[in-house]
>>> print(open('run_11.tsv').read())   # TSV, C-alpha atoms
chain	number	residue	atom	x	y	z
I	62	MET	CA	-111.12	35.14	41.93
I	63	ARG	CA	-108.54	33.48	39.69
I	64	GLN	CA	-109.91	31.06	37.13
I	65	THR	CA	-107.71	28.04	36.53
I	66	ASP	CA	-110.33	25.67	35.12
I	67	PRO	CA	-109.71	25.73	31.33
I	68	ARG	CA	-113.44	25.59	30.58
I	69	ALA	CA	-114.11	28.61	32.78
I	70	GLU	CA	-111.22	30.43	31.15
I	71	ARG	CA	-112.61	29.62	27.71
I	72	SER	CA	-116.02	31.01	28.60
I	73	ARG	CA	-114.42	34.17	30.02
I	74	HIS	CA	-112.60	34.72	26.74
I	75	ALA	CA	-115.75	34.04	24.76
I	76	MET	CA	-117.62	36.66	26.77
I	77	LEU	CA	-114.88	39.23	26.36
I	78	TRP	CA	-114.70	38.64	22.64
I	79	ALA	CA	-118.47	38.86	22.29
I	80	ALA	CA	-118.46	42.08	24.30
I	81	ARG	CA	-115.67	43.46	22.12
I	82	GLU	CA	-117.63	42.75	18.94
I	83	LEU	CA	-120.71	44.42	20.35
I	84	LEU	CA	-118.61	47.43	21.36
I	85	LEU	CA	-116.93	47.81	17.99
I	86	ARG	CA	-120.06	47.26	15.93
I	87	HIS	CA	-122.68	49.02	17.98
I	88	GLY	CA	-120.93	51.20	20.56
I	89	PRO	CA	-120.71	51.07	24.37
I	90	ALA	CA	-124.46	50.98	25.04
I	91	ALA	CA	-124.72	47.64	23.26
I	92	VAL	CA	-122.45	45.97	25.80
I	93	THR	CA	-125.10	44.57	28.16
I	94	HIS	CA	-125.06	41.35	30.18
I	95	GLN	CA	-127.97	40.04	28.12
I	96	ARG	CA	-126.41	40.61	24.72
I	97	VAL	CA	-122.97	39.40	25.77
I	98	ALA	CA	-124.51	36.20	27.14
I	99	GLU	CA	-126.44	35.58	23.91
I	100	GLN	CA	-123.47	36.34	21.70
I	101	ALA	CA	-121.05	34.23	23.74
I	102	GLY	CA	-123.44	31.33	24.22
I	103	VAL	CA	-123.30	31.42	28.03
I	104	GLY	CA	-125.92	32.05	30.67
I	105	ARG	CA	-126.59	35.60	31.76
I	106	ALA	CA	-125.67	34.68	35.35
I	107	THR	CA	-122.18	33.73	34.18
I	108	VAL	CA	-121.66	37.19	32.74
I	109	TYR	CA	-122.94	38.78	35.95
I	110	ARG	CA	-120.66	36.59	38.05
I	111	HIS	CA	-117.56	37.86	36.25
I	112	TRP	CA	-118.58	41.51	35.91
I	113	PRO	CA	-121.34	42.44	38.34
I	114	ARG	CA	-121.85	45.93	36.94
I	115	VAL	CA	-122.16	46.99	33.31
I	116	GLU	CA	-119.27	49.38	33.78
I	117	ASP	CA	-116.96	46.58	34.93
I	118	LEU	CA	-117.82	44.69	31.77
I	119	LEU	CA	-117.33	47.78	29.62
I	120	LEU	CA	-114.02	48.64	31.20
I	121	ALA	CA	-112.71	45.11	30.67
I	122	THR	CA	-113.91	45.24	27.08
I	123	MET	CA	-112.62	48.69	26.22
I	124	SER	CA	-109.07	47.77	27.11
I	125	GLY	CA	-107.19	48.06	23.83
I	126	SER	CA	-110.38	48.36	21.79
I	127	ASP	CA	-110.80	50.74	18.93
I	128	LEU	CA	-113.96	52.71	19.63
I	129	PRO	CA	-116.29	53.27	16.67
I	130	TYR	CA	-116.00	57.06	16.62
I	131	PHE	CA	-114.24	59.55	14.36
I	132	ARG	CA	-113.17	56.83	11.93
I	133	ASP	CA	-113.03	57.35	8.16
I	134	PRO	CA	-113.74	61.07	7.91
I	135	GLN	CA	-115.64	62.24	4.82
I	136	PRO	CA	-115.69	65.83	3.62
I	137	PRO	CA	-117.42	68.14	4.12
I	138	ILE	CA	-116.02	67.65	7.62
I	139	ARG	CA	-118.31	69.94	9.57
I	140	PRO	CA	-121.50	67.91	9.07
I	141	TRP	CA	-119.51	64.67	9.36
I	142	LEU	CA	-118.01	65.75	12.70
I	143	PHE	CA	-121.43	66.94	13.82
I	144	GLY	CA	-122.80	63.43	13.19
I	145	GLU	CA	-119.93	61.73	15.02
I	146	LEU	CA	-120.22	64.06	18.01
I	147	ARG	CA	-124.00	63.62	18.07
I	148	ARG	CA	-123.60	59.84	18.17
I	149	LEU	CA	-120.90	60.00	20.85
I	150	ALA	CA	-122.98	62.43	22.93
I	151	ASP	CA	-125.99	60.11	22.77
I	152	GLU	CA	-123.87	57.18	23.91
I	153	MET	CA	-122.32	59.18	26.73
I	154	ALA	CA	-125.71	60.33	27.97
I	155	GLN	CA	-126.57	56.71	28.82
I	156	PRO	CA	-125.87	56.18	32.50
I	157	GLU	CA	-123.68	53.10	32.06
I	158	VAL	CA	-121.51	54.78	29.46
I	159	ALA	CA	-121.17	57.91	31.57
I	160	ALA	CA	-120.19	55.53	34.37
I	161	VAL	CA	-117.42	53.91	32.38
I	162	THR	CA	-116.07	57.31	31.29
I	163	LEU	CA	-115.97	58.42	34.90
I	164	THR	CA	-114.52	55.12	36.06
I	165	LEU	CA	-111.76	55.53	33.50
I	166	MET	CA	-111.07	59.12	34.52
I	167	HIS	CA	-111.30	58.51	38.25
I	168	GLY	CA	-109.58	55.12	38.28
I	169	ALA	CA	-106.63	56.56	36.37
I	170	LEU	CA	-105.73	58.59	39.45
I	171	TRP	CA	-104.71	55.50	41.38
I	172	ASP	CA	-104.33	52.70	38.89
I	173	ALA	CA	-101.49	52.77	36.36
I	174	ASP	CA	-103.23	50.26	34.05
I	175	ILE	CA	-106.35	52.39	33.89
I	176	ALA	CA	-104.21	55.51	33.35
I	177	GLN	CA	-102.54	53.80	30.42
I	178	GLN	CA	-105.90	52.85	28.96
I	179	ARG	CA	-107.16	56.40	29.39
I	180	ASP	CA	-104.03	57.81	27.73
I	181	ALA	CA	-104.41	55.42	24.80
I	182	SER	CA	-108.05	56.47	24.31
I	183	VAL	CA	-107.12	60.13	24.51
I	184	ALA	CA	-104.26	59.77	22.02
I	185	ASN	CA	-106.50	57.84	19.67
I	186	ILE	CA	-109.22	60.50	19.76
I	187	ASN	CA	-106.67	63.32	19.29
I	188	GLU	CA	-105.25	61.58	16.27
I	189	ARG	CA	-108.61	60.95	14.63
I	190	ILE	CA	-109.89	64.47	15.22
I	191	GLY	CA	-106.58	65.70	13.79
I	192	ALA	CA	-107.00	63.55	10.68
I	193	ALA	CA	-110.51	64.90	10.16
I	194	LEU	CA	-109.34	68.50	10.48
I	195	ALA	CA	-106.43	67.88	8.11
I	196	LEU	CA	-108.93	66.62	5.57
I	197	ALA	CA	-111.13	69.68	6.17
I	198	ARG	CA	-108.15	71.96	5.53
I	199	ALA	CA	-107.17	70.03	2.43
I	200	SER	CA	-110.67	70.30	1.03
I	201	GLY	CA	-110.89	74.05	1.66
I	202	GLU	CA	-113.03	74.23	4.81
I	203	ALA	CA	-112.19	77.08	7.16
I	204	VAL	CA	-110.42	75.45	10.10
I	205	VAL	CA	-109.19	77.52	13.01
I	206	ALA	CA	-105.44	77.21	13.62
I	207	VAL	CA	-105.61	74.72	16.47
I	208	ASN	CA	-103.60	71.62	17.30
I	209	ASP	CA	-105.16	68.16	17.44
I	210	ALA	CA	-105.25	67.87	21.24
I	211	ASP	CA	-106.80	71.33	21.63
I	212	ALA	CA	-109.42	70.55	19.00
I	213	ALA	CA	-110.33	67.33	20.82
I	214	THR	CA	-110.54	69.28	24.11
I	215	LEU	CA	-112.93	71.81	22.61
I	216	LEU	CA	-115.13	69.23	20.90
I	217	ILE	CA	-115.27	66.41	23.47
I	218	GLY	CA	-114.99	68.48	26.67
I	219	PRO	CA	-118.52	69.87	26.49
I	220	LEU	CA	-119.92	66.36	25.92
I	221	VAL	CA	-118.13	65.04	29.01
I	222	TYR	CA	-119.20	67.96	31.20
I	223	ARG	CA	-122.83	67.85	30.13
I	224	THR	CA	-123.23	64.09	30.51
I	225	ALA	CA	-121.00	63.43	33.53
I	226	MET	CA	-121.18	66.64	35.56
I	227	GLN	CA	-124.48	68.25	34.57
I	228	ALA	CA	-126.03	64.76	34.25
I	229	GLY	CA	-127.97	65.74	31.15
I	230	THR	CA	-128.21	65.13	27.43
I	231	VAL	CA	-126.30	67.22	24.90
I	232	PRO	CA	-128.42	69.53	22.70
I	233	ASP	CA	-127.55	69.94	19.00
I	234	GLU	CA	-126.93	73.59	19.79
I	235	VAL	CA	-124.01	72.73	22.08
I	236	ILE	CA	-122.38	70.52	19.44
I	237	SER	CA	-122.83	73.30	16.89
I	238	ARG	CA	-121.26	75.87	19.17
I	239	ALA	CA	-118.35	73.59	20.00
I	240	LEU	CA	-117.79	73.09	16.27
I	241	ASP	CA	-117.76	76.89	15.87
I	242	SER	CA	-114.69	77.02	18.08
I	243	VAL	CA	-112.75	74.75	15.73
I	244	LEU	CA	-114.30	75.01	12.28
I	245	ALA	CA	-114.88	78.69	11.61
I	246	ASP	CA	-117.59	79.79	9.22
I	247	VAL	CA	-115.41	82.74	8.30
I	248	PRO	CA	-111.71	83.28	9.00
I	249	ARG	CA	-111.37	85.43	12.09
I	250	ALA	CA	-108.42	87.15	13.72
I	251	THR	CA	-107.22	85.41	16.87
I	252	THR	CA	-108.07	87.52	19.88
I	253	ARG	CA	-108.57	86.87	23.54
B	167	MET	CA	-115.49	56.95	63.47
B	168	ARG	CA	-118.10	58.98	65.37
B	169	GLN	CA	-116.68	61.69	67.60
B	170	THR	CA	-118.56	62.16	70.83
B	171	ASP	CA	-115.82	63.82	72.89
B	172	PRO	CA	-116.75	67.54	72.82
B	173	ARG	CA	-113.09	68.57	72.55
B	174	ALA	CA	-112.57	66.31	69.55
B	175	GLU	CA	-115.76	67.63	67.99
B	176	ARG	CA	-114.58	71.20	68.54
B	177	SER	CA	-111.28	70.52	66.84
B	178	ARG	CA	-113.06	68.86	63.90
B	179	HIS	CA	-115.23	71.93	63.45
B	180	ALA	CA	-112.20	74.20	63.74
B	181	MET	CA	-110.42	72.25	61.00
B	182	LEU	CA	-113.44	72.33	58.70
B	183	TRP	CA	-113.89	76.03	59.22
B	184	ALA	CA	-110.21	76.71	58.61
B	185	ALA	CA	-110.35	74.59	55.47
B	186	ARG	CA	-113.44	76.46	54.33
B	187	GLU	CA	-111.73	79.82	54.77
B	188	LEU	CA	-108.70	78.61	52.81
B	189	LEU	CA	-110.99	77.33	50.06
B	190	LEU	CA	-113.01	80.52	49.77
B	191	ARG	CA	-110.04	82.88	49.96
B	192	HIS	CA	-107.42	81.02	47.99
B	193	GLY	CA	-109.13	78.21	46.07
B	194	PRO	CA	-108.99	74.41	46.32
B	195	ALA	CA	-105.21	74.10	46.02
B	196	ALA	CA	-104.77	75.99	49.29
B	197	VAL	CA	-106.62	73.31	51.24
B	198	THR	CA	-103.65	71.26	52.41
B	199	HIS	CA	-103.19	69.35	55.67
B	200	GLN	CA	-100.36	71.70	56.63
B	201	ARG	CA	-102.29	74.92	56.12
B	202	VAL	CA	-105.48	73.61	57.69
B	203	ALA	CA	-103.50	72.50	60.76
B	204	GLU	CA	-101.83	75.92	61.09
B	205	GLN	CA	-105.05	77.83	60.59
B	206	ALA	CA	-107.06	75.65	62.98
B	207	GLY	CA	-104.36	75.50	65.65
B	208	VAL	CA	-104.17	71.70	65.67
B	209	GLY	CA	-101.39	69.26	64.86
B	210	ARG	CA	-100.98	68.11	61.27
B	211	ALA	CA	-101.45	64.50	62.38
B	212	THR	CA	-104.93	65.37	63.64
B	213	VAL	CA	-105.93	66.64	60.21
B	214	TYR	CA	-104.52	63.50	58.58
B	215	ARG	CA	-106.37	61.30	61.04
B	216	HIS	CA	-109.73	62.77	60.03
B	217	TRP	CA	-109.10	63.07	56.28
B	218	PRO	CA	-106.22	60.85	55.14
B	219	ARG	CA	-106.16	62.19	51.58
B	220	VAL	CA	-106.32	65.78	50.42
B	221	GLU	CA	-109.37	64.97	48.32
B	222	ASP	CA	-111.27	63.71	51.37
B	223	LEU	CA	-110.53	66.98	53.09
B	224	LEU	CA	-111.52	68.99	50.02
B	225	LEU	CA	-114.72	67.06	49.53
B	226	ALA	CA	-115.74	67.60	53.18
B	227	THR	CA	-114.90	71.27	52.83
B	228	MET	CA	-116.60	71.90	49.53
B	229	SER	CA	-119.92	70.67	50.83
B	230	GLY	CA	-122.12	73.75	50.68
B	231	SER	CA	-119.21	76.08	50.05
B	232	ASP	CA	-119.32	78.91	47.62
B	233	LEU	CA	-116.30	78.48	45.35
B	234	PRO	CA	-114.37	81.63	44.52
B	235	TYR	CA	-115.08	81.57	40.77
B	236	PHE	CA	-117.31	83.61	38.49
B	237	ARG	CA	-118.32	85.95	41.31
B	238	ASP	CA	-118.93	89.68	40.79
B	239	PRO	CA	-118.64	89.94	37.01
B	240	GLN	CA	-117.22	93.19	35.63
B	241	PRO	CA	-117.65	94.32	32.04
B	242	PRO	CA	-116.14	93.97	29.57
B	243	ILE	CA	-117.11	90.36	30.22
B	244	ARG	CA	-114.88	88.60	27.71
B	245	PRO	CA	-111.56	89.47	29.40
B	246	TRP	CA	-113.15	89.04	32.83
B	247	LEU	CA	-114.39	85.54	31.94
B	248	PHE	CA	-111.03	84.76	30.40
B	249	GLY	CA	-109.37	85.57	33.72
B	250	GLU	CA	-111.84	83.49	35.74
B	251	LEU	CA	-111.49	80.51	33.41
B	252	ARG	CA	-107.69	80.85	33.45
B	253	ARG	CA	-107.69	80.78	37.23
B	254	LEU	CA	-110.08	77.82	37.39
B	255	ALA	CA	-108.06	75.93	34.76
B	256	ASP	CA	-104.87	76.43	36.75
B	257	GLU	CA	-106.53	75.13	39.89
B	258	MET	CA	-107.99	72.13	38.10
B	259	ALA	CA	-104.62	71.22	36.61
B	260	GLN	CA	-103.32	70.54	40.12
B	261	PRO	CA	-103.57	66.82	40.77
B	262	GLU	CA	-105.44	67.08	44.06
B	263	VAL	CA	-108.04	69.43	42.59
B	264	ALA	CA	-108.48	67.23	39.54
B	265	ALA	CA	-108.91	64.40	42.03
B	266	VAL	CA	-111.69	66.12	43.92
B	267	THR	CA	-113.49	67.02	40.66
B	268	LEU	CA	-113.34	63.40	39.58
B	269	THR	CA	-114.30	62.14	43.02
B	270	LEU	CA	-117.33	64.38	42.88
B	271	MET	CA	-118.27	63.26	39.38
B	272	HIS	CA	-117.61	59.57	39.98
B	273	GLY	CA	-118.95	59.43	43.53
B	274	ALA	CA	-122.22	60.98	42.39
B	275	LEU	CA	-123.00	57.79	40.48
B	276	TRP	CA	-123.49	55.81	43.66
B	277	ASP	CA	-123.84	58.32	46.48
B	278	ALA	CA	-126.92	60.53	46.69
B	279	ASP	CA	-125.19	63.05	49.00
B	280	ILE	CA	-122.35	63.50	46.55
B	281	ALA	CA	-124.82	63.75	43.67
B	282	GLN	CA	-126.62	66.51	45.52
B	283	GLN	CA	-123.36	68.34	46.12
B	284	ARG	CA	-122.43	67.98	42.46
B	285	ASP	CA	-125.83	69.29	41.37
B	286	ALA	CA	-125.52	72.27	43.69
B	287	SER	CA	-122.08	73.11	42.26
B	288	VAL	CA	-123.36	72.75	38.72
B	289	ALA	CA	-126.42	74.94	39.36
B	290	ASN	CA	-124.24	77.56	41.03
B	291	ILE	CA	-121.83	77.69	38.10
B	292	ASN	CA	-124.67	77.84	35.56
B	293	GLU	CA	-126.22	80.74	37.43
B	294	ARG	CA	-123.01	82.73	37.69
B	295	ILE	CA	-122.04	82.21	34.06
B	296	GLY	CA	-125.58	83.26	33.20
B	297	ALA	CA	-125.28	86.43	35.27
B	298	ALA	CA	-122.00	87.30	33.56
B	299	LEU	CA	-123.49	86.80	30.10
B	300	ALA	CA	-126.56	88.86	31.01
B	301	LEU	CA	-124.22	91.68	31.98
B	302	ALA	CA	-122.32	91.25	28.71
B	303	ARG	CA	-125.57	91.53	26.76
B	304	ALA	CA	-126.66	94.56	28.76
B	305	SER	CA	-123.37	96.31	28.11
B	306	GLY	CA	-123.47	95.65	24.35
B	307	GLU	CA	-121.04	92.74	23.99
B	308	ALA	CA	-121.93	90.26	21.26
B	309	VAL	CA	-123.20	87.19	23.08
B	310	VAL	CA	-124.33	84.13	21.16
B	311	ALA	CA	-127.95	83.13	21.85
B	312	VAL	CA	-127.22	80.36	24.32
B	313	ASN	CA	-128.81	79.38	27.62
B	314	ASP	CA	-126.89	79.46	30.90
B	315	ALA	CA	-126.36	75.70	31.20
B	316	ASP	CA	-125.15	75.41	27.60
B	317	ALA	CA	-122.74	78.31	28.08
B	318	ALA	CA	-121.32	76.65	31.20
B	319	THR	CA	-120.98	73.37	29.27
B	320	LEU	CA	-119.03	75.06	26.48
B	321	LEU	CA	-116.77	77.04	28.81
B	322	ILE	CA	-116.07	74.54	31.60
B	323	GLY	CA	-116.22	71.30	29.61
B	324	PRO	CA	-112.88	71.82	27.83
B	325	LEU	CA	-111.19	72.58	31.17
B	326	VAL	CA	-112.50	69.35	32.69
B	327	TYR	CA	-111.52	67.24	29.70
B	328	ARG	CA	-108.03	68.68	29.40
B	329	THR	CA	-107.20	68.40	33.10
B	330	ALA	CA	-109.02	65.17	34.01
B	331	MET	CA	-108.97	63.12	30.81
B	332	GLN	CA	-105.98	64.42	28.85
B	333	ALA	CA	-104.11	64.96	32.16
B	334	GLY	CA	-102.62	68.24	30.98
B	335	THR	CA	-102.71	71.97	31.57
B	336	VAL	CA	-105.08	74.25	29.67
B	337	PRO	CA	-103.45	76.62	27.13
B	338	ASP	CA	-104.75	80.19	26.79
B	339	GLU	CA	-105.65	79.28	23.23
B	340	VAL	CA	-108.21	76.73	24.41
B	341	ILE	CA	-109.87	79.22	26.75
B	342	SER	CA	-109.97	81.75	23.93
B	343	ARG	CA	-111.57	79.29	21.54
B	344	ALA	CA	-114.12	78.19	24.13
B	345	LEU	CA	-115.00	81.85	24.67
B	346	ASP	CA	-115.47	82.19	20.90
B	347	SER	CA	-118.28	79.66	21.09
B	348	VAL	CA	-120.22	81.85	23.55
B	349	LEU	CA	-119.09	85.43	23.10
B	350	ALA	CA	-118.99	86.09	19.40
B	351	ASP	CA	-116.76	88.76	17.97
B	352	VAL	CA	-119.39	89.37	15.32
B	353	PRO	CA	-123.03	88.28	15.20
B	354	ARG	CA	-123.31	85.13	13.14
B	355	ALA	CA	-126.24	83.16	11.80
B	356	THR	CA	-126.84	79.91	13.66
B	357	THR	CA	-125.99	77.01	11.42
B	358	ARG	CA	-125.00	73.44	11.94
>>> encode(input="run_11.tsv", output="structure tokens")
Amino acid sequence: MRQTDPRAERSRHAMLWAARELLLRHGPAAVTHQRVAEQAGVGRATVYRHWPRVEDLLLATMSGSDLPYFRDPQPPIRPWLFGELRRLADEMAQPEVAAVTLTLMHGALWDADIAQQRDASVANINERIGAALALARASGEAVVAVNDADAATLLIGPLVYRTAMQAGTVPDEVISRALDSVLADVPRATTR
Amino acid sequence: MRQTDPRAERSRHAMLWAARELLLRHGPAAVTHQRVAEQAGVGRATVYRHWPRVEDLLLATMSGSDLPYFRDPQPPIRPWLFGELRRLADEMAQPEVAAVTLTLMHGALWDADIAQQRDASVANINERIGAALALARASGEAVVAVNDADAATLLIGPLVYRTAMQAGTVPDEVISRALDSVLADVPRATTR
């Protein structure tokens, strides 16, 4: 459905902007039809008409958005990263957020726009994790010699698998163990 | 399309069985239209007609199949697990295998049959990883105190994220680091 009516177009933009603010301030789980409608000053049915499922709404909103994770790292990095991963894991365990992650991953196989969005998210996360680890190194924490993309793989991968494949929540223990693979307690020799 | 012609039904079963043998012997990447056609003694067009995309074929084949990973663990477990994860990572890096993983994960959101298939795969992997770690413990290797599902999360998660989200291949280094989070070189106190 193509909107040409300027009023309809205006309300679509208002909804997207409201959704974007909710996403940036409160994370993906805050992007609900109800809250977007309130924030944009439109009826809930209007939001549903444009994006029938929460994941459609989230996907439209996430495009080009700067997700509120791994920003402004503060040393000591290990507990800071633990907190960020804990928050991300809790978001991802919510069915609609898991759905948008999977929609992004799956849709990227066939849709170049979605692939581009996925790649931008991935690059963004790599860069932020890298910045946090650089700060950890600079402040004397024992960081394993690992590049940014590999660190992101080791830290985020378990969250994705547990929430999307095992359909469960992520225990603190798993986050701790994942951190062990990147931020060593003691320097260790690299072995297989 | 429902097949009622017994000859057509026979050829469908032959293709599925051939695909299953390819999957079990050689892994997901071996399940191609060409090889299934050869193995089943049917024309390639017949395979395409039933399952237009490789991932459709793979998904039909995987149903109830016992994937050739993490079977028959041999101590020492660390190098054995490394080899299994290496092999799985290489399979998953192939676009059609990544596609079937994502189809399974994404499809499970809306399709109860696919969800059941996903849960069976997940349970199977948890169990096998658990068996391998039990053997490692029994033979004196230093295993972190971690349950089977968490170990699978830490070992498989990075492979899924790298291949499906970062759209890349998995370096040995990542497998090594993931193994560090489960099979410790030295016993360590559990900390955040």
>>> residues_around(input="run_11.tsv", residues="segment 98-107 of chain I", least_positions_apart="4", cutoff="7 Å", atoms="all atoms listed in the file", output="list in words")
Ala75, Met76, Ala79, His94 and His111 of chain I
>>> closest_atom_pairs(input="run_11.tsv", of="chain I", to="chain B", cutoff="8 Å", atoms="all atoms listed in the file", output="CSV")
residue,atom,partner,partner_atom,distance
I:Arg139,CA,B:Arg358,CA,7.9
I:Pro140,CA,B:Arg358,CA,7.1
I:Phe143,CA,B:Arg358,CA,7.7
I:Ala160,CA,B:Leu275,CA,7.1
I:Leu163,CA,B:His272,CA,5.5
I:Thr164,CA,B:His272,CA,6.7
I:Met166,CA,B:Met331,CA,5.8
I:His167,CA,B:Leu268,CA,5.5
I:Leu170,CA,B:Ala265,CA,7.1
I:Arg179,CA,B:Met331,CA,7.1
I:Asp180,CA,B:Gln332,CA,7.0
I:Val183,CA,B:Gln332,CA,6.2
I:Asp211,CA,B:Val340,CA,6.2
I:Thr214,CA,B:Pro324,CA,5.1
I:Leu215,CA,B:Pro324,CA,5.2
I:Leu216,CA,B:Pro324,CA,7.7
I:Ile217,CA,B:Tyr327,CA,7.3
I:Gly218,CA,B:Pro324,CA,4.1
I:Pro219,CA,B:Gly323,CA,4.1
I:Leu220,CA,B:Gly323,CA,7.2
I:Val221,CA,B:Gly323,CA,6.6
I:Tyr222,CA,B:Gly323,CA,4.8
I:Arg223,CA,B:Thr319,CA,5.9
I:Ala225,CA,B:Met271,CA,6.5
I:Met226,CA,B:Met271,CA,5.9
I:Gln227,CA,B:Val288,CA,6.2
I:Val235,CA,B:Asp316,CA,6.2
I:Ser237,CA,B:Arg358,CA,5.4
I:Arg238,CA,B:Ser347,CA,5.2
I:Ala239,CA,B:Ser347,CA,6.2
I:Asp241,CA,B:Ser347,CA,5.9
I:Ser242,CA,B:Arg343,CA,5.2
I:Val243,CA,B:Arg343,CA,7.5
I:Thr252,CA,B:Ser342,CA,7.3
I:Arg253,CA,B:Ser342,CA,5.3
>>> closest_residue(input="run_11.tsv", among="B:Asp277, B:Asp314, B:Glu257, B:Glu307", to="Leu233 of chain B", atoms="all atoms listed in the file")
B:Glu257
>>> atom_distance(input="run_11.tsv", atom1="atom CA of Leu149 of chain I", atom2="atom CA of Val204 of chain I")
21.5 Å
>>> atom_distance(input="run_11.tsv", atom1="atom CA of Trp112 of chain I", atom2="atom CA of Gln178 of chain I")
18.4 Å
>>> atom_distance(input="run_11.tsv", atom1="atom CA of Ala181 of chain I", atom2="atom CA of Pro113 of chain I")
25.3 Å
>>> closest_residue(input="run_11.tsv", among="I:Met123, I:Val158, I:Leu77, I:Leu142", to="Ala90 of chain I", atoms="all atoms listed in the file")
I:Val158
